[in-house]
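A.B. asks: Hey, dropping target_7.pdb in here, PDB, C-alpha atoms:
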```
MODEL        1
ATOM      1  CA  MET A   1     156.110-102.782  -5.043
ATOM      2  CA  LYS A   2     159.171-102.918  -2.799
ATOM      3  CA  ASP A   3     158.502-106.565  -1.878
ATOM      4  CA  LYS A   4     158.151-107.399  -5.559
ATOM      5  CA  LYS A   5     161.458-105.687  -6.369
ATOM      6  CA  ASP A   6     163.232-107.496  -3.528
ATOM      7  CA  GLY A   7     161.880-110.802  -4.801
ATOM      8  CA  SER A   8     163.201-110.039  -8.298
ATOM      9  CA  ASN A   9     166.673-109.209  -6.972
ATOM     10  CA  LYS A  10     166.692-112.339  -4.855
ATOM     11  CA  SER A  11     165.873-114.553  -7.838
ATOM     12  CA  ILE A  12     168.743-113.043  -9.862
ATOM     13  CA  LYS A  13     171.140-113.527  -6.929
ATOM     14  CA  ASP A  14     169.994-117.134  -6.548
ATOM     15  CA  TYR A  15     170.476-117.734 -10.260
ATOM     16  CA  ILE A  16     174.053-116.419 -10.204
ATOM     17  CA  GLU A  17     174.888-118.514  -7.135
ATOM     18  CA  GLU A  18     173.464-121.608  -8.825
ATOM     19  CA  ILE A  19     175.948-121.065 -11.660
ATOM     20  CA  THR A  20     179.073-120.018  -9.763
ATOM     21  CA  ASN A  21     178.920-122.119  -6.574
ATOM     22  CA  PRO A  22     179.229-125.541  -8.299
ATOM     23  CA  ILE A  23     182.218-124.250 -10.301
ATOM     24  CA  PHE A  24     184.119-122.928  -7.297
ATOM     25  CA  ASN A  25     183.227-125.994  -5.208
ATOM     26  CA  LYS A  26     184.520-128.276  -7.952
ATOM     27  CA  VAL A  27     187.798-126.337  -8.179
ATOM     28  CA  LEU A  28     188.189-126.477  -4.387
ATOM     29  CA  LEU A  29     187.462-130.218  -4.307
ATOM     30  CA  GLU A  30     189.965-130.962  -7.078
ATOM     31  CA  SER A  31     192.604-128.851  -5.334
ATOM     32  CA  ASN A  32     192.168-130.724  -2.056
ATOM     33  CA  ASN A  33     192.176-134.173  -3.700
ATOM     34  CA  ASN A  34     195.207-133.510  -5.921
ATOM     35  CA  PRO A  35     198.453-134.076  -3.970
ATOM     36  CA  MET A  36     200.409-132.341  -6.750
ATOM     37  CA  MET A  37     198.679-129.061  -5.887
ATOM     38  CA  VAL A  38     199.271-129.186  -2.132
ATOM     39  CA  GLY A  39     201.683-126.479  -0.956
ATOM     40  CA  ARG A  40     201.857-124.739  -4.334
ATOM     41  CA  VAL A  41     199.599-123.099  -6.877
ATOM     42  CA  GLN A  42     199.574-124.342 -10.435
ATOM     43  CA  LYS A  43     199.116-121.458 -12.878
ATOM     44  CA  LYS A  44     198.473-121.446 -16.553
ATOM     45  CA  GLU A  45     200.437-119.111 -18.753
ATOM     46  CA  ILE A  46     199.339-117.126 -21.729
ATOM     47  CA  LYS A  47     201.865-115.778 -24.210
ATOM     48  CA  PHE A  48     201.393-113.450 -27.135
ATOM     49  CA  LEU A  49     203.505-111.208 -29.345
ATOM     50  CA  TRP A  50     202.910-107.475 -29.654
ATOM     51  CA  GLN A  51     204.403-105.157 -32.281
ATOM     52  CA  PRO A  52     203.672-101.430 -31.846
ATOM     53  CA  HIS A  53     203.835 -99.866 -35.311
ATOM     54  CA  ASN A  54     203.795 -96.196 -36.292
ATOM     55  CA  TYR A  55     203.086 -95.217 -32.664
ATOM     56  CA  ARG A  56     202.343 -91.478 -32.752
ATOM     57  CA  LEU A  57     201.950 -88.931 -29.977
ATOM     58  CA  TYR A  58     200.566 -85.411 -30.466
ATOM     59  CA  PHE A  59     201.366 -82.376 -28.322
ATOM     60  CA  ASN A  60     200.504 -78.696 -28.516
ATOM     61  CA  PHE A  61     203.427 -76.507 -29.636
ATOM     62  CA  ASP A  62     204.177 -72.780 -29.750
ATOM     63  CA  LYS A  63     206.814 -71.846 -32.359
ATOM     64  CA  SER A  64     207.345 -68.274 -31.108
ATOM     65  CA  THR A  65     210.715 -69.173 -29.533
ATOM     66  CA  PHE A  66     211.597 -71.998 -31.936
ATOM     67  CA  ILE A  67     214.876 -71.507 -33.866
ATOM     68  CA  PRO A  68     215.262 -74.273 -36.478
ATOM     69  CA  PRO A  69     218.535 -75.383 -38.103
ATOM     70  CA  THR A  70     219.745 -72.882 -40.692
ATOM     71  CA  SER A  71     219.699 -75.108 -43.782
ATOM     72  CA  LYS A  72     216.624 -74.880 -45.999
ATOM     73  CA  THR A  73     216.981 -78.421 -47.267
ATOM     74  CA  ILE A  74     218.839 -81.054 -45.265
ATOM     75  CA  TYR A  75     220.924 -80.714 -42.128
ATOM     76  CA  LYS A  76     222.928 -83.703 -40.915
ATOM     77  CA  THR A  77     224.829 -84.473 -37.749
ATOM     78  CA  HIS A  78     225.973 -87.726 -36.232
ATOM     79  CA  SER A  79     222.584 -88.256 -34.577
ATOM     80  CA  PHE A  80     219.722 -86.772 -36.628
ATOM     81  CA  ARG A  81     218.580 -85.402 -39.986
ATOM     82  CA  TYR A  82     216.528 -82.221 -40.476
ATOM     83  CA  GLU A  83     214.273 -81.388 -43.409
ATOM     84  CA  LEU A  84     211.682 -78.752 -44.328
ATOM     85  CA  LYS A  85     208.358 -80.099 -45.593
ATOM     86  CA  ASN A  86     205.032 -78.823 -46.905
ATOM     87  CA  TYR A  87     206.480 -75.745 -48.627
ATOM     88  CA  GLY A  88     208.624 -74.854 -45.648
ATOM     89  CA  SER A  89     205.784 -74.760 -43.115
ATOM     90  CA  GLU A  90     206.754 -77.969 -41.295
ATOM     91  CA  HIS A  91     210.031 -78.909 -39.612
ATOM     92  CA  HIS A  92     210.847 -82.631 -39.649
ATOM     93  CA  PHE A  93     213.549 -84.167 -37.480
ATOM     94  CA  TYR A  94     214.509 -87.763 -38.313
ATOM     95  CA  ASP A  95     216.242 -90.171 -35.926
ATOM     96  CA  TRP A  96     216.001 -87.771 -33.007
ATOM     97  CA  GLU A  97     216.464 -90.109 -30.037
ATOM     98  CA  SER A  98     214.908 -92.930 -32.076
ATOM     99  CA  CYS A  99     211.907 -90.772 -32.971
ATOM    100  CA  LYS A 100     210.684 -88.788 -35.948
ATOM    101  CA  ILE A 101     209.440 -85.370 -34.816
ATOM    102  CA  ALA A 102     207.316 -83.152 -37.091
ATOM    103  CA  ILE A 103     206.658 -79.587 -35.928
ATOM    104  CA  LYS A 104     203.529 -78.212 -37.596
ATOM    105  CA  LYS A 105     201.505 -74.997 -37.233
ATOM    106  CA  ASN A 106     200.531 -75.286 -33.560
ATOM    107  CA  MET A 107     201.080 -78.972 -32.917
ATOM    108  CA  VAL A 108     203.942 -81.457 -32.931
ATOM    109  CA  GLU A 109     203.809 -85.122 -33.924
ATOM    110  CA  VAL A 110     206.260 -87.590 -32.372
ATOM    111  CA  ILE A 111     206.565 -91.035 -33.969
ATOM    112  CA  ASN A 112     208.365 -93.589 -31.810
ATOM    113  CA  LYS A 113     210.766 -95.655 -33.943
ATOM    114  CA  SER A 114     212.673 -97.308 -31.091
ATOM    115  CA  HIS A 115     210.955-100.666 -31.498
ATOM    116  CA  HIS A 116     211.467-100.787 -35.308
ATOM    117  CA  LYS A 117     209.725-104.011 -36.439
ATOM    118  CA  GLN A 118     210.543-106.051 -33.363
ATOM    119  CA  TRP A 119     207.915-108.258 -31.758
ATOM    120  CA  ARG A 120     207.671-108.079 -27.972
ATOM    121  CA  LEU A 121     206.859-111.247 -26.055
ATOM    122  CA  ILE A 122     204.321-110.744 -23.265
ATOM    123  CA  THR A 123     203.841-113.543 -20.740
ATOM    124  CA  ALA A 124     201.194-113.508 -18.015
ATOM    125  CA  ASN A 125     199.367-115.922 -15.737
ATOM    126  CA  SER A 126     196.407-113.728 -14.832
ATOM    127  CA  ILE A 127     194.121-111.249 -16.548
ATOM    128  CA  PRO A 128     195.199-108.289 -14.343
ATOM    129  CA  GLN A 129     198.828-109.098 -15.190
ATOM    130  CA  ILE A 130     198.015-108.935 -18.916
ATOM    131  CA  LYS A 131     196.577-105.451 -18.503
ATOM    132  CA  ASP A 132     199.445-104.310 -16.263
ATOM    133  CA  LYS A 133     202.104-105.426 -18.743
ATOM    134  CA  ILE A 134     200.387-103.725 -21.673
ATOM    135  CA  ASP A 135     200.009-100.532 -19.624
ATOM    136  CA  GLU A 136     203.694-100.751 -18.687
ATOM    137  CA  LEU A 137     204.801-100.967 -22.330
ATOM    138  CA  VAL A 138     202.468 -98.131 -23.378
ATOM    139  CA  THR A 139     203.859 -95.962 -20.562
ATOM    140  CA  GLN A 140     207.372 -96.742 -21.764
ATOM    141  CA  LEU A 141     206.539 -95.683 -25.341
ATOM    142  CA  ASN A 142     204.915 -92.473 -24.087
ATOM    143  CA  LYS A 143     207.900 -91.605 -21.912
ATOM    144  CA  GLN A 144     210.320 -92.133 -24.817
ATOM    145  CA  GLY A 145     208.310 -89.832 -27.099
ATOM    146  CA  THR A 146     207.867 -87.140 -24.452
ATOM    147  CA  SER A 147     211.571 -87.240 -23.547
ATOM    148  CA  ALA A 148     212.585 -86.893 -27.219
ATOM    149  CA  LEU A 149     210.379 -83.816 -27.671
ATOM    150  CA  ASN A 150     211.669 -82.273 -24.449
ATOM    151  CA  SER A 151     215.300 -82.627 -25.531
ATOM    152  CA  LEU A 152     214.484 -81.121 -28.955
ATOM    153  CA  ILE A 153     212.898 -78.091 -27.275
ATOM    154  CA  ARG A 154     215.971 -77.649 -25.062
ATOM    155  CA  ARG A 155     218.165 -77.501 -28.169
ATOM    156  CA  PHE A 156     216.062 -75.537 -30.678
ATOM    157  CA  GLY A 157     213.471 -73.775 -28.510
ATOM    158  CA  GLY A 158     209.707 -73.809 -28.712
ATOM    159  CA  ILE A 159     207.075 -74.134 -26.003
ATOM    160  CA  SER A 160     204.957 -77.166 -25.068
ATOM    161  CA  ASP A 161     203.358 -78.370 -21.847
ATOM    162  CA  LEU A 162     204.399 -81.916 -22.907
ATOM    163  CA  LYS A 163     200.885 -83.203 -22.253
ATOM    164  CA  ILE A 164     199.754 -85.833 -24.759
ATOM    165  CA  ILE A 165     196.714 -84.615 -26.699
ATOM    166  CA  LYS A 166     196.020 -87.806 -28.613
ATOM    167  CA  VAL A 167     197.626 -91.133 -29.508
ATOM    168  CA  ARG A 168     197.509 -93.014 -32.800
ATOM    169  CA  GLY A 169     199.123 -96.229 -33.975
ATOM    170  CA  GLU A 170     198.723 -99.785 -35.174
ATOM    171  CA  HIS A 171     199.491-102.725 -32.886
ATOM    172  CA  GLY A 172     200.273-106.107 -34.414
ATOM    173  CA  ILE A 173     199.235-109.202 -32.433
ATOM    174  CA  HIS A 174     200.258-112.865 -32.690
ATOM    175  CA  GLY A 175     199.395-115.733 -30.350
ATOM    176  CA  ILE A 176     195.604-115.384 -30.149
ATOM    177  CA  ASP A 177     194.339-118.592 -31.698
ATOM    178  CA  TYR A 178     191.249-117.401 -33.555
ATOM    179  CA  LEU A 179     193.066-114.318 -34.920
ATOM    180  CA  ASP A 180     196.035-116.358 -36.132
ATOM    181  CA  LYS A 181     193.637-118.657 -38.013
ATOM    182  CA  ILE A 182     192.336-115.855 -40.253
ATOM    183  CA  PRO A 183     193.394-116.719 -43.844
ATOM    184  CA  GLU A 184     196.548-114.856 -44.841
ATOM    185  CA  ASP A 185     195.068-113.464 -48.046
ATOM    186  CA  MET A 186     191.956-112.094 -46.318
ATOM    187  CA  ILE A 187     191.777-108.287 -45.932
ATOM    188  CA  ILE A 188     189.702-106.882 -43.052
ATOM    189  CA  HIS A 189     188.897-103.312 -42.000
ATOM    190  CA  ASP A 190     187.015-103.316 -38.697
ATOM    191  CA  THR A 191     186.239-100.596 -36.140
ATOM    192  CA  ILE A 192     188.836-101.925 -33.651
ATOM    193  CA  PHE A 193     191.358-103.751 -35.860
ATOM    194  CA  LYS A 194     192.458-104.288 -39.433
ATOM    195  CA  LYS A 195     194.248-106.958 -41.420
ATOM    196  CA  VAL A 196     195.898-105.656 -44.562
ATOM    197  CA  TYR A 197     199.168-107.585 -44.339
ATOM    198  CA  ASN A 198     199.658-111.320 -44.671
ATOM    199  CA  GLY A 199     199.584-113.026 -41.308
ATOM    200  CA  LYS A 200     199.242-109.923 -39.112
ATOM    201  CA  VAL A 201     196.219-108.434 -37.366
ATOM    202  CA  GLU A 202     196.666-104.835 -36.148
ATOM    203  CA  PHE A 203     194.604-103.129 -33.454
ATOM    204  CA  TYR A 204     194.156 -99.356 -33.371
ATOM    205  CA  ASP A 205     194.170 -98.958 -29.590
ATOM    206  CA  PRO A 206     195.964-100.776 -26.716
ATOM    207  CA  VAL A 207     192.637-100.824 -24.840
ATOM    208  CA  ASN A 208     191.216-103.101 -27.534
ATOM    209  CA  ILE A 209     194.267-105.355 -27.183
ATOM    210  CA  LYS A 210     193.694-105.664 -23.429
ATOM    211  CA  ASN A 211     190.036-106.541 -23.888
ATOM    212  CA  THR A 212     190.684-109.059 -26.669
ATOM    213  CA  VAL A 213     193.569-110.829 -24.919
ATOM    214  CA  SER A 214     191.730-110.808 -21.568
ATOM    215  CA  ASN A 215     188.642-112.430 -23.101
ATOM    216  CA  PHE A 216     190.845-115.056 -24.742
ATOM    217  CA  ALA A 217     192.722-115.636 -21.463
ATOM    218  CA  LEU A 218     189.461-116.059 -19.550
ATOM    219  CA  LYS A 219     188.594-119.041 -21.744
ATOM    220  CA  GLU A 220     192.104-120.430 -21.285
ATOM    221  CA  PHE A 221     192.304-119.935 -17.514
ATOM    222  CA  SER A 222     188.686-120.678 -16.527
ATOM    223  CA  PRO A 223     186.658-122.159 -19.380
ATOM    224  CA  GLU A 224     183.786-123.174 -17.090
ATOM    225  CA  ILE A 225     183.392-119.659 -15.721
ATOM    226  CA  SER A 226     183.625-118.249 -19.249
ATOM    227  CA  ASN A 227     180.900-120.604 -20.488
ATOM    228  CA  SER A 228     178.719-119.771 -17.492
ATOM    229  CA  LEU A 229     179.088-116.068 -18.176
ATOM    230  CA  ASP A 230     178.111-116.702 -21.794
ATOM    231  CA  ASN A 231     175.002-118.552 -20.585
ATOM    232  CA  LEU A 232     174.186-115.723 -18.193
ATOM    233  CA  ASN A 233     174.584-113.226 -21.021
ATOM    234  CA  ASN A 234     172.228-115.270 -23.223
ATOM    235  CA  THR A 235     169.683-115.385 -20.401
ATOM    236  CA  GLN A 236     169.916-111.630 -20.037
ATOM    237  CA  LYS A 237     169.270-111.228 -23.767
ATOM    238  CA  GLU A 238     166.180-113.458 -23.471
ATOM    239  CA  ILE A 239     164.883-111.311 -20.593
ATOM    240  CA  VAL A 240     165.449-108.118 -22.597
ATOM    241  CA  THR A 241     163.637-109.629 -25.609
ATOM    242  CA  HIS A 242     160.728-110.672 -23.369
ATOM    243  CA  MET A 243     160.500-107.156 -21.880
ATOM    244  CA  ASP A 244     160.587-105.595 -25.357
ATOM    245  CA  ASN A 245     157.697-107.796 -26.457
ATOM    246  CA  LEU A 246     155.805-106.922 -23.263
ATOM    247  CA  TYR A 247     156.275-103.197 -23.912
ATOM    248  CA  LYS A 248     154.994-103.677 -27.470
ATOM    249  CA  ASP A 249     151.903-105.530 -26.192
ATOM    250  CA  VAL A 250     151.188-102.829 -23.612
ATOM    251  CA  GLY A 251     151.676-100.156 -26.268
ATOM    252  CA  ALA A 252     149.252-101.912 -28.615
ATOM    253  CA  MET A 253     146.702-102.230 -25.795
ATOM    254  CA  ILE A 254     146.970 -98.519 -24.993
ATOM    255  CA  THR A 255     146.546 -97.668 -28.682
ATOM    256  CA  GLY A 256     143.400 -99.814 -28.829
ATOM    257  CA  MET A 257     141.998 -98.106 -25.725
ATOM    258  CA  ARG A 258     142.597 -94.598 -27.049
ATOM    259  CA  PRO A 259     139.052 -94.104 -28.567
ATOM    260  CA  THR A 260     137.495 -95.294 -25.297
ATOM    261  CA  LEU A 261     139.734 -92.941 -23.305
ATOM    262  CA  ILE A 262     138.672 -90.051 -25.549
ATOM    263  CA  GLN A 263     134.987 -90.898 -24.963
ATOM    264  CA  ILE A 264     135.551 -91.030 -21.199
ATOM    265  CA  THR A 265     137.317 -87.652 -21.327
ATOM    266  CA  ASN A 266     134.417 -86.126 -23.292
ATOM    267  CA  LEU A 267     131.913 -87.629 -20.844
ATOM    268  CA  ASN A 268     133.825 -86.122 -17.910
ATOM    269  CA  MET A 269     133.689 -82.735 -19.616
ATOM    270  CA  GLU A 270     129.891 -83.053 -20.114
ATOM    271  CA  MET A 271     129.399 -84.107 -16.480
ATOM    272  CA  THR A 272     131.424 -81.128 -15.296
ATOM    273  CA  LYS A 273     129.296 -78.825 -17.411
ATOM    274  CA  LEU A 274     126.117 -80.430 -16.066
ATOM    275  CA  ARG A 275     127.259 -80.000 -12.447
ATOM    276  CA  LYS A 276     127.897 -76.305 -13.093
ATOM    277  CA  ASP A 277     124.419 -75.902 -14.604
ATOM    278  CA  VAL A 278     122.736 -77.686 -11.669
ATOM    279  CA  THR A 279     124.629 -75.494  -9.223
ATOM    280  CA  ARG A 280     123.476 -72.399 -11.084
ATOM    281  CA  ILE A 281     119.840 -73.586 -10.952
ATOM    282  CA  GLN A 282     120.084 -74.275  -7.223
ATOM    283  CA  ARG A 283     121.376 -70.749  -6.610
ATOM    284  CA  HIS A 284     118.301 -69.326  -8.377
ATOM    285  CA  LYS A 285     115.682 -71.770  -7.024
ATOM    286  CA  SER A 286     113.738 -68.905  -5.441
ATOM    287  CA  ARG A 287     112.866 -67.713  -8.950
ATOM    288  CA  PRO A 288     109.930 -69.612 -10.542
ATOM    289  CA  ILE A 289     110.936 -71.925 -13.355
ATOM    290  CA  ASN A 290     108.923 -71.373 -16.541
ATOM    291  CA  ASN A 291     108.515 -73.532 -19.632
ATOM    292  CA  LYS A 292     111.347 -71.745 -21.354
ATOM    293  CA  ASP A 293     113.773 -72.729 -18.573
ATOM    294  CA  ILE A 294     112.634 -76.332 -18.730
ATOM    295  CA  ARG A 295     113.126 -76.517 -22.481
ATOM    296  CA  LYS A 296     116.679 -75.195 -22.003
ATOM    297  CA  TRP A 297     117.733 -78.316 -20.057
ATOM    298  CA  LEU A 298     116.012 -80.863 -22.267
TER     299      LEU A 298
ENDMDL
END
```
In structure tokens, what does this structure look like?

C.D. replies:
Amino acid sequence: MKDKKDGSNKSIKDYIEEITNPIFNKVLLESNNNPMMVGRVQKKEIKFLWQPHNYRLYFNFDKSTFIPPTSKTIYKTHSFRYELKNYGSEHHFYDWESCKIAIKKNMVEVINKSHHKQWRLITANSIPQIKDKIDELVTQLNKQGTSALNSLIRRFGGISDLKIIKVRGEHGIHGIDYLDKIPEDMIIHDTIFKKVYNGKVEFYDPVNIKNTVSNFALKEFSPEISNSLDNLNNTQKEIVTHMDNLYKDVGAMITGMRPTLIQITNLNMEMTKLRKDVTRIQRHKSRPINNKDIRKWL
């Protein structure tokens, strides 16, 4: 069994090498034969626009030491506006360090408004750089929201560990060819993105942005490798389908053998009973066997 397993692993390894080695060898050969690439590395660039919208952070909050502004309606200063909402149970602070902060029963919501409706240009020449830049911008948004809540607590009280419980938001994307080609009047609600506005696709999570842009960049940077991976994925699907069919065939065979297996089990039980009876007779062989005993075993 071990030798069989090793042979299977070897064939998969050989298959992957058959795909990847010609690609890398071709790239190496072209690099050596191209005098324009000697002494420097030519890199492709990918650019896309990102617009974080309604980016919301949620924190736990204890109101036991919270002292809100005194007005029951609206309180204005040069920097923020305060308002009671939901029948006086929620405290809303507008334009507090470019954020809207809503203090609820035992939680606080911080909406980052610093970016307004601006689109941010992200430029990268590698897939890791795409992910790093998105992570950097997300970290910046998180720091702004956390800092705004911290300064509000210093002024009006309240207790929070300032640890983000959850994140919500919509992230507009431009610059990904197949997304930009979606008809403007088409409305889409998907599990990872939506399109309800003309000309703008919005993702729910930055992780989905990283995956989508990285997959697009892979085709732009290394189309041959991308196509080979697609072929490998298709081969894997064919293997899985073949194994599923094999399992079905084996299952059908076992189902067909079930009556025979039951008969064999019953026969084993009868043989066991017979062996016990023979043993009992041998133990009493000193006693004469009469006709009645003989008829018992017939």

A.B. asks: Name the residues captured by the PyMOL selection byres ((chain A and resi 109) around 6) when it is applied to the shown file; answer as a short mmCIF file (atom, residue, chain, number, x, y, z; two decimals) with C-alpha atoms, keeping the file's coordinate frame.

C.D. replies:
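Dumped everything to part.cif:
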```
data_model
loop_
_atom_site.label_atom_id
_atom_site.label_comp_id
_atom_site.auth_asym_id
_atom_site.auth_seq_id
_atom_site.Cartn_x
_atom_site.Cartn_y
_atom_site.Cartn_z
CA LEU A 57 201.95 -88.93 -29.98
CA TYR A 58 200.57 -85.41 -30.47
CA ILE A 101 209.44 -85.37 -34.82
CA ALA A 102 207.32 -83.15 -37.09
CA VAL A 108 203.94 -81.46 -32.93
CA VAL A 110 206.26 -87.59 -32.37
#
```

A.B. asks: Return as a list in words the set of residues that the PyMOL selection byres ((chain A and resi 119-132) around 8) yields on the displayed structure.

C.D. replies: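 The output of the PyMOL selection byres ((chain A and resi 119-132) around 8) on this file is Lys43, Lys44, Glu45, Ile46, Lys47, Phe48, Leu49, Trp50, Gln51, Lys117, Gln118, Lys133, Ile134, Asp135, Glu136, Lys210, Val213, Ser214, Ala217, Leu218 and Phe221 of chain A.
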
A.B. asks: Name the residues captured by the PyMOL selection byres ((chain A and resi 178-180) around 10) when it is applied to the shown file; answer as a list in words.

C.D. replies: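 Selected by the PyMOL selection byres ((chain A and resi 178-180) around 10) here: Ile173, His174, Gly175, Ile176, Asp177, Lys181, Ile182, Pro183, Glu184, Lys195, Gly199, Lys200, Val201 and Phe216 of chain A.
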
A.B. asks: In Å, how far is it from CA of Val167 (chain A) to CA of Asp185 (chain A)?

C.D. replies: 29.1 Å

A.B. asks: When distances are computed from all atoms listed in the file, which of A:Met257, A:Leu141, A:Leu149, A:Leu274 shows the smallest separation from Trp96 (chain A)?

C.D. replies: A:Leu149

A.B. asks: Expressed in Å to a single decimal, how great is the separation between CA of Phe66 (chain A) and CA of His116 (chain A)?

C.D. replies: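 Computing it gives 29.0 Å between the two atoms.
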
A.B. asks: For region 202-207 of chain A, take all atoms listed in the file, fit an axis-aligned box around them, add 5 Å to each of the six sides, then output centre and edge lengths in Å rounded to one decimal, as AutoDock Vina command-line options.

C.D. replies:
```
--center_x 194.7 --center_y -101.9 --center_z -30.5 --size_x 14.0 --size_y 15.9 --size_z 21.3
```

A.B. asks: What does the distance from CA of Arg155 (chain A) to CA of Thr65 (chain A) come to in Å, to one decimal?

C.D. replies: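 Straight-line distance from CA of Arg155 (chain A) to CA of Thr65 (chain A) works out to 11.3 Å.
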
A.B. asks: What's the 9 Å shell around Phe203 (chain A), counting only C-alpha atoms, without same-chain residues fewer than 4 positions away, as a ChimeraX atom specification?

C.D. replies: /A:169-173,192-195,208-209

A.B. asks: Keeping only C-alpha atoms, write the selected residues as a compact mmCIF listing (two decimals), in the frame of the given file.

C.D. replies:
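Output (out-v3.txt):
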```txt
# COMPACT_ATOMS: atom_id res chain seq x y z
CA GLY A 169 199.12 -96.23 -33.98
CA GLU A 170 198.72 -99.78 -35.17
CA HIS A 171 199.49 -102.72 -32.89
CA GLY A 172 200.27 -106.11 -34.41
CA ILE A 173 199.24 -109.20 -32.43
CA ILE A 192 188.84 -101.92 -33.65
CA PHE A 193 191.36 -103.75 -35.86
CA LYS A 194 192.46 -104.29 -39.43
CA LYS A 195 194.25 -106.96 -41.42
CA ASN A 208 191.22 -103.10 -27.53
CA ILE A 209 194.27 -105.36 -27.18
```

A.B. asks: For Ile164 (chain A), which residue out of A:Gln263, A:Asn150, A:Asn142, A:Thr191 is the nearest one, using all atoms listed in the file?

C.D. replies: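 Ranking A:Gln263, A:Asn150, A:Asn142, A:Thr191 by distance to Ile164 (chain A), first place goes to A:Asn142.
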